[in-house]
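*Asks:* Here it is, the structure in full.
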Amino acid sequence: MNIKTKEKRVRQARLAYYNGEPIMSDREFDHLMDEIRLKAPDSRVLREVGAAPMGTTGKHSIPMGSLKEAKTMGEMAKWMEGITGGFVVMTKVDGLSLSLDYDDGKLTQALTRGNGKVGENVTANVRRMINVKEEIDGFTGTLRGEAYLPVATFKEKYAEDYANPRNTAAGIVRRHSGEGAEDVAIRYFYVQVRRGRFNSTQARLNFIESNLGLLSVDSFQITNFNDFEGMWSGPIAATRYFKLYEMDGVVVYVKNLDERGEGDPFLPDNALVYKFDPDVAKTKITKIEHVAGRSGRVNPRVHVEPTKVGGVTVTHATGNNYPWLKNLGVGVGAIVEISRRGDTIPAVEKVLQPGAPLVIPKSCPACESVLVKDGAYLKCKNLVCEAKDSGSVAHWLRLIELKGVGKQTLEKLVGLGIRRPYQLYGQTVAFWENNFGKSGLKIVRQLMDKKEVKPEYVLAAHVPNVGRRRFRAILDAGFTVEEILLNRTHALNNVDGIGEEIARIIIGGMREEAGNIRLLLDYIKLEATVSKNGTFEGCALKFTGNMSMKRADLEEIAEDNGGRIGWKKGFKNILVIADPNSASTKAKAARAQGHDLISEEEFMKRAGV
């Protein structure tokens with residue numbers, strides 16, 4: 001591969017990566033860049049950052065460059081030479097970089113990195129993200145941070161259809177519909193004010209936390225390289241897998257900004273990245289399975305000979321998407337290196353010995369319908385696909401928290417003709433016992449005990465990509481279930497959090513599923529609509545810490561009493577925290593913003609539970 005071809009591959013990989021649809025691993029990309037750096041040190045591609053934005057754009061108020069990376073401890077030691085004022089080490093969140101501009105206290109623009117000069121305008125989505133303020137009294141300037149999907153949220157809501165939290169977050173940030181934006185959070189690492197300057201990196205972080213009342217990235221201070229080397233093999237390594245977010249390394253900043261200037265804005269000199277080596281193991285691919293999900297997306301799942309990675313036995317790994325696998329040369333029989341990203345998501349990193357050519361499916365593995373391209377992915381458009389049916393039933397059972405139904409039971413149910421939630425209730429006790437034995441009797445007893453259901457659950461179970469909270473917001477705005485079923489929702493896009501795209505999805509979903517929803521309503525009873533004069537009416541709440549109840553249950557209690565989830569402008573914001581006297585970052589941020597901090601016990605008392 002000559003230099004021009006390598007440059008072309010780098011640009012293609014950057015575009016795919018920033019769109020959340022990567023075509024090569026980080027290790028392969030870094031290796032490609034190292035080859036270009038060695039053979040063509042003046043190549044323009046080495047100074048380029050990000051990728052050209054695809055949608056509506058905006059110009060960065062200050063260039064949004066990238067950081068240089070130290071490949072070895074020796075390179076880090078050399079870079080630190082001559083600095084006497086110490087360093088600030090920040091966790092490197094594996095997310096999507098964003099810049100947020102404020103003018104006279106108001107958020108005016110939020111952009112992706114783009115090409116460093118111009119980024120994609122994602123302001124509407126960013127306004128709904130966690131740890132974002134639409135107004136910050138007196139602030140005029142720019143914030144920079146990393147948008148990420150918390151690992152727990154990814155596992156709970158997205159793992160079925162997506163490969164990893166980073167790529168999922170990148171896709172959500174750029175979605176025109178805005179669906180899922182409320183699940184994404186931002187941690188900030190940089191701030192610039194219009195007037196004045198900061199003389200230290202720590203002062204910047206303190207300003208973000210104390211003056212702006214926002215969460216910054218986790219950080220600590222060190223004096224010299226010896227400190228860094230010790231921390232890297234000690235506390236940093238020990239906490240790597242216990243973060244709320246995926247972390248792929250650290251960024252070391254010069255503490256005293258006067259000691260080493262900013263330099264080139266596209267490759268600044270006052271910070272250096274140092275990444276983790278992934279925990280890897282060599283194994284053999286035994287099978288590539290094509291898996292269809294509830295949304296219709298078909299994903300590759302790579303089965304491997306059992307091998308230990310990071311202390312855990314791995315039997316399969318994510319294939320990300322088909323272009324990714326094809327680019328790596330993945331095929332059955334290949335000898336590969338696999339890693340565990342964030343200690344949770346096994347992934348194929350490198351092919352050591354090729355196997356059989358990759359066979360990309362042309363038809364859905366569940367219903368045999370012809371697949372269509374959806375970006376880097378494949379999608380089944382069949383409205384009655386068995387995988388979608390199975391996903392619909394599984395989603396319903398998760399919503400009503402019915403236990404004891406695993407993958408095999410679901411597959412058997414679909415095979416027996418149970419393809420919609422209402423069909424679960426129309427079967428006799430003999431059906432359950434004859435087909436599932438004692439487990440079937442337990443399932444049917446639970447179904448009978450769970451016949452009173454929240455209306456938003458009924459609607460969300462039948463419309464992929466629209467969550468229960470969106471439907472709850474619609475119901476709270478005064479729409480009835482019947483009006484939604486009849487598509488009498490011409491003013492849906494006026495509801496908080498519902499735009500034209502979401503309204504279109506809901507209307508289309510009702511057109512397809514209204515009949516199935518009505519059949520379900522013949523078997524169950526809708527819980528009464530919550531009064532608008534609830535205890536937490538006008539309040540927006542967040543929950544943190546080790547509670548005695550599940551967080552999802554606490555959030556439901558808040559909603560049942562008129563509250564909203566997530567801090568919001570114009571609401572009385574409350575942080576429900578296990579220890580109201582906590583000195584945690586979240587507690588500090590809440591106090592700085594003047595929010596109430598209450599215990600779980602006090603919350604339950606106010607809710608009358």
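Each chain of the structure tokens is named A, B, ... in the order shown, its residues numbered from 1; ligands are numbered from 1 in display order.
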Near A:Leu371, within 10 Å and counting only C-alpha atoms, which residues show up once chain neighbours fewer than 6 positions away are dropped, as a list in words?

*Replies:*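 Contacts, in chain order: Gly296, Arg297, Val298, Pro361, Lys362, Ser363, Cys364, Pro365, Tyr377, Leu378, Lys379, Cys380, Lys381 and Asn382 of chain A.
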
*Asks:* Could you give me, as a PyMOL selection string, the residues within 9 Å of stretch 349-358 of chain A, counting only C-alpha atoms and dropping anything in the same chain fewer than 5 positions from it?

*Replies:* chain A and resi 24-28+280+282+285+288+322+325-326+328-339

*Asks:* The selected residues should be written to file as a PDB file, in the first residue's frame (atoms: C-alpha atoms).

*Replies:*
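Dumped everything to out16.pdb:
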```pdb
ATOM      1  CA  MET A  24     -11.014  -0.301  11.497  1.00  0.00           C
ATOM      2  CA  SER A  25      -9.773  -0.723  15.069  1.00  0.00           C
ATOM      3  CA  ASP A  26      -7.960   2.040  16.964  1.00  0.00           C
ATOM      4  CA  ARG A  27      -4.792  -0.059  16.923  1.00  0.00           C
ATOM      5  CA  GLU A  28      -4.900  -0.473  13.147  1.00  0.00           C
ATOM      6  CA  VAL A 280      -5.614  -8.984  24.306  1.00  0.00           C
ATOM      7  CA  LYS A 282      -5.098 -14.903  20.631  1.00  0.00           C
ATOM      8  CA  ILE A 285     -12.998 -17.705  15.016  1.00  0.00           C
ATOM      9  CA  ILE A 288     -19.936 -15.691  12.463  1.00  0.00           C
ATOM     10  CA  TYR A 322     -19.746  -5.728   8.172  1.00  0.00           C
ATOM     11  CA  LEU A 325     -15.022  -7.142   9.583  1.00  0.00           C
ATOM     12  CA  LYS A 326     -14.312  -7.096   5.858  1.00  0.00           C
ATOM     13  CA  LEU A 328      -9.895  -6.523   9.013  1.00  0.00           C
ATOM     14  CA  GLY A 329     -10.092  -9.695   6.929  1.00  0.00           C
ATOM     15  CA  VAL A 330     -12.208 -11.529   9.499  1.00  0.00           C
ATOM     16  CA  GLY A 331     -13.601 -14.917   8.490  1.00  0.00           C
ATOM     17  CA  VAL A 332     -14.377 -18.306   9.968  1.00  0.00           C
ATOM     18  CA  GLY A 333     -11.139 -20.108  10.865  1.00  0.00           C
ATOM     19  CA  ALA A 334      -9.121 -16.890  11.202  1.00  0.00           C
ATOM     20  CA  ILE A 335      -6.642 -16.571  14.060  1.00  0.00           C
ATOM     21  CA  VAL A 336      -7.307 -13.205  15.704  1.00  0.00           C
ATOM     22  CA  GLU A 337      -6.444 -10.968  18.621  1.00  0.00           C
ATOM     23  CA  ILE A 338      -9.413  -9.996  20.747  1.00  0.00           C
ATOM     24  CA  SER A 339      -9.605  -7.419  23.524  1.00  0.00           C
TER      25      SER A 339
END
```

*Asks:* Could you tell me how far atom CA of A:Ile172 sits from atom CA of A:Val466, in Å to one decimal place?

*Replies:*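 Straight-line distance from atom CA of A:Val466 to atom CA of A:Ile172 works out to 13.1 Å.
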
*Asks:* For A:Pro150, which residue out of A:Met247, A:Leu107, A:Val309, A:Val118 is the nearest one, using only C-alpha atoms?

*Replies:*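 So, comparing all the options, the nearest one is A:Met247.
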
*Asks:* Just checking: using only C-alpha atoms, which residue out of A:Arg340, A:Lys542, A:Lys284, A:Arg197 ends up closest to A:Ile574?

*Replies:* A:Lys542

*Asks:* Please run DSSP on the backbone and report, as a PyMOL selection string, all residues within stretch 280-394 of chain A that come out as alpha helix (DSSP H).

*Replies:* chain A and resi 322-328+386-394

*Asks:* Could you dump the residues just selected with C-alpha atoms as a tab-separated table (two decimals), in the first residue's frame?

*Replies:*
```tsv
chain	number	residue	atom	x	y	z
A	322	TYR	CA	-19.75	-5.73	8.17
A	323	PRO	CA	-17.40	-3.13	6.60
A	324	TRP	CA	-15.30	-3.34	9.79
A	325	LEU	CA	-15.02	-7.14	9.58
A	326	LYS	CA	-14.31	-7.10	5.86
A	327	ASN	CA	-11.58	-4.49	6.27
A	328	LEU	CA	-9.90	-6.52	9.01
A	386	GLU	CA	-39.86	-12.84	13.66
A	387	ALA	CA	-36.89	-11.08	15.23
A	388	LYS	CA	-38.91	-7.89	15.59
A	389	ASP	CA	-41.76	-9.93	17.02
A	390	SER	CA	-39.47	-11.64	19.50
A	391	GLY	CA	-37.96	-8.28	20.39
A	392	SER	CA	-41.42	-6.78	20.90
A	393	VAL	CA	-42.42	-9.57	23.30
A	394	ALA	CA	-39.07	-9.40	25.11
```

*Asks:* Return the single residue from A:Leu575, A:Val463, A:Ala147, A:Leu257 that is closest to A:Ala587, with distances computed using only C-alpha atoms.

*Replies:*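 So, comparing all the options, the nearest one is A:Leu575.
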
*Asks:* Neighbours of A:Trp79 within 10 Å (only C-alpha atoms; same-chain residues fewer than 3 positions away dropped), as a list in words?

*Replies:*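 Counting only the stated atoms, we get Ala70, Met73, Gly74, Glu75, Met76, Gly82, Ile83, Phe225, Asp269, Asn270, Ala271 and Leu272 of chain A.
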
*Asks:* What's the 9 Å shell around A:Gly515, counting only C-alpha atoms, without same-chain residues fewer than 5 positions away, as a list in words?

*Replies:*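 Once the nearby chain positions are removed, what remains is Leu485, Met510 and Leu520 of chain A.
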
*Asks:* Only C-alpha atoms, please: the residues just picked out, written as a tab-separated table (two decimals), in the first residue's frame.

*Replies:*
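Saved to selection_33.tsv:
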```
chain	number	residue	atom	x	y	z
A	485	LEU	CA	-54.15	5.41	18.73
A	510	MET	CA	-49.62	3.79	15.51
A	520	LEU	CA	-53.65	-5.96	24.42
```

*Asks:* What are the nearest atom pairs, with distances in Å to one decimal, for all residues of stretch 89-163 of chain A that come at most 12 Å from stretch 209-214 of chain A, using only C-alpha atoms, set out by chain and rising residue number as CSV?

*Replies:*
```
residue,atom,partner,partner_atom,distance
A:Tyr102,CA,A:Leu212,CA,11.5
A:Gly105,CA,A:Leu212,CA,10.2
A:Ile130,CA,A:Leu214,CA,10.0
A:Asn131,CA,A:Leu214,CA,6.2
A:Val132,CA,A:Leu214,CA,7.5
A:Lys133,CA,A:Leu214,CA,8.2
A:Glu134,CA,A:Leu212,CA,11.6
A:Glu135,CA,A:Leu212,CA,9.9
A:Ile136,CA,A:Leu212,CA,6.6
A:Asp137,CA,A:Leu212,CA,8.4
A:Gly138,CA,A:Leu212,CA,9.6
A:Phe139,CA,A:Leu212,CA,8.0
A:Thr140,CA,A:Leu212,CA,11.0
A:Gly141,CA,A:Leu212,CA,11.2
A:Thr142,CA,A:Leu212,CA,11.6
A:Leu143,CA,A:Leu212,CA,10.2
A:Arg144,CA,A:Leu214,CA,11.8
A:Gly145,CA,A:Leu214,CA,10.9
```

*Asks:* Write a file of the just-selected residues containing N, CA and C atoms, as a PDB file, in the first residue's frame.

*Replies:*
```pdb
ATOM      1  N   TYR A 102     -21.371  29.756  24.636  1.00  0.00           N
ATOM      2  CA  TYR A 102     -22.353  30.524  25.399  1.00  0.00           C
ATOM      3  C   TYR A 102     -22.138  32.008  25.154  1.00  0.00           C
ATOM      4  N   GLY A 105     -24.637  34.139  28.896  1.00  0.00           N
ATOM      5  CA  GLY A 105     -25.309  33.143  29.715  1.00  0.00           C
ATOM      6  C   GLY A 105     -26.149  32.133  28.981  1.00  0.00           C
ATOM      7  N   ILE A 130     -27.281  15.005  29.577  1.00  0.00           N
ATOM      8  CA  ILE A 130     -26.951  15.076  30.997  1.00  0.00           C
ATOM      9  C   ILE A 130     -25.726  15.963  31.190  1.00  0.00           C
ATOM     10  N   ASN A 131     -25.763  16.796  32.238  1.00  0.00           N
ATOM     11  CA  ASN A 131     -24.664  17.716  32.569  1.00  0.00           C
ATOM     12  C   ASN A 131     -24.504  18.821  31.522  1.00  0.00           C
ATOM     13  N   VAL A 132     -25.643  19.302  31.041  1.00  0.00           N
ATOM     14  CA  VAL A 132     -25.668  20.446  30.117  1.00  0.00           C
ATOM     15  C   VAL A 132     -26.632  21.483  30.669  1.00  0.00           C
ATOM     16  N   LYS A 133     -26.232  22.740  30.640  1.00  0.00           N
ATOM     17  CA  LYS A 133     -27.111  23.844  31.049  1.00  0.00           C
ATOM     18  C   LYS A 133     -27.415  24.720  29.843  1.00  0.00           C
ATOM     19  N   GLU A 134     -28.679  25.019  29.663  1.00  0.00           N
ATOM     20  CA  GLU A 134     -29.051  25.933  28.582  1.00  0.00           C
ATOM     21  C   GLU A 134     -28.705  27.371  28.940  1.00  0.00           C
ATOM     22  N   GLU A 135     -28.670  27.659  30.232  1.00  0.00           N
ATOM     23  CA  GLU A 135     -28.315  29.004  30.678  1.00  0.00           C
ATOM     24  C   GLU A 135     -27.351  28.920  31.852  1.00  0.00           C
ATOM     25  N   ILE A 136     -26.296  29.728  31.792  1.00  0.00           N
ATOM     26  CA  ILE A 136     -25.338  29.841  32.889  1.00  0.00           C
ATOM     27  C   ILE A 136     -25.137  31.329  33.148  1.00  0.00           C
ATOM     28  N   ASP A 137     -25.662  31.793  34.231  1.00  0.00           N
ATOM     29  CA  ASP A 137     -25.698  33.224  34.521  1.00  0.00           C
ATOM     30  C   ASP A 137     -24.324  33.887  34.353  1.00  0.00           C
ATOM     31  N   GLY A 138     -24.257  34.863  33.456  1.00  0.00           N
ATOM     32  CA  GLY A 138     -23.060  35.680  33.288  1.00  0.00           C
ATOM     33  C   GLY A 138     -21.953  35.068  32.463  1.00  0.00           C
ATOM     34  N   PHE A 139     -22.128  33.858  31.957  1.00  0.00           N
ATOM     35  CA  PHE A 139     -21.032  33.179  31.257  1.00  0.00           C
ATOM     36  C   PHE A 139     -21.060  33.452  29.757  1.00  0.00           C
ATOM     37  N   THR A 140     -19.948  33.945  29.261  1.00  0.00           N
ATOM     38  CA  THR A 140     -19.722  34.073  27.823  1.00  0.00           C
ATOM     39  C   THR A 140     -18.396  33.398  27.519  1.00  0.00           C
ATOM     40  N   GLY A 141     -18.450  32.345  26.738  1.00  0.00           N
ATOM     41  CA  GLY A 141     -17.223  31.610  26.439  1.00  0.00           C
ATOM     42  C   GLY A 141     -17.525  30.274  25.802  1.00  0.00           C
ATOM     43  N   THR A 142     -16.530  29.385  25.824  1.00  0.00           N
ATOM     44  CA  THR A 142     -16.629  28.089  25.162  1.00  0.00           C
ATOM     45  C   THR A 142     -16.236  26.972  26.117  1.00  0.00           C
ATOM     46  N   LEU A 143     -17.038  25.924  26.122  1.00  0.00           N
ATOM     47  CA  LEU A 143     -16.727  24.705  26.863  1.00  0.00           C
ATOM     48  C   LEU A 143     -16.392  23.596  25.881  1.00  0.00           C
ATOM     49  N   ARG A 144     -15.489  22.728  26.285  1.00  0.00           N
ATOM     50  CA  ARG A 144     -15.212  21.544  25.488  1.00  0.00           C
ATOM     51  C   ARG A 144     -15.330  20.316  26.383  1.00  0.00           C
ATOM     52  N   GLY A 145     -15.918  19.277  25.816  1.00  0.00           N
ATOM     53  CA  GLY A 145     -16.090  18.065  26.594  1.00  0.00           C
ATOM     54  C   GLY A 145     -16.240  16.852  25.714  1.00  0.00           C
TER      55      GLY A 145
END
```

*Asks:* Would you kindly return, as a ChimeraX atom specification, each protein, DNA or RNA residue with an atom no farther than 9 Å from any atom of A:Asn164, considering only C-alpha atoms and excluding same-chain residues fewer than 3 positions away?

*Replies:* /A:151,154,158-159,167-169,318,320,341,345

*Asks:* Would you mind exporting C-alpha atoms of the selected residues as a short mmCIF file (atom, residue, chain, number, x, y, z; two decimals), in the first residue's frame?

*Replies:*
```cif
data_model
loop_
_atom_site.label_atom_id
_atom_site.label_comp_id
_atom_site.auth_asym_id
_atom_site.auth_seq_id
_atom_site.Cartn_x
_atom_site.Cartn_y
_atom_site.Cartn_z
CA VAL A 151 -21.81 1.80 30.31
CA PHE A 154 -25.65 0.97 27.08
CA TYR A 158 -28.63 -0.40 23.46
CA ALA A 159 -26.48 -3.55 23.61
CA ASN A 167 -20.13 4.35 18.63
CA THR A 168 -23.68 4.42 20.00
CA ALA A 169 -23.13 7.84 21.58
CA THR A 318 -18.60 -7.83 18.69
CA ASN A 320 -19.11 -3.83 14.99
CA ARG A 341 -13.00 -2.72 25.71
CA ILE A 345 -17.23 -5.41 25.34
#
```

*Asks:* One decimal, in Å: what's the spacing between atom CA of A:Glu229 and atom CA of A:Ser200?

*Replies:*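 Atom CA of A:Ser200 lies 22.4 Å from atom CA of A:Glu229.
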
*Asks:* Please determine, counting only C-alpha atoms, which residue among A:Met231, A:Ala124, A:Ile598, A:Leu424 has the shortest atom-to-atom distance to A:Leu519.

*Replies:*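 With only C-alpha atoms as the atom set, the closest residue is A:Leu424.
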
*Asks:* Considering only C-alpha atoms, return as a PyMOL selection string whatever protein or nucleic-acid residues lie within 7 Å of A:Thr223, sequence-local ones (same chain, fewer than 4 positions apart) excluded.

*Replies:* chain A and resi 86-87+227

*Asks:* I'd like the interatomic distance between atom CA of A:Glu512 and atom CA of A:Glu527, to a tenth of an Å.

*Replies:*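 If I compute the distance from atom CA of A:Glu512 to atom CA of A:Glu527, I get 23.9 Å.
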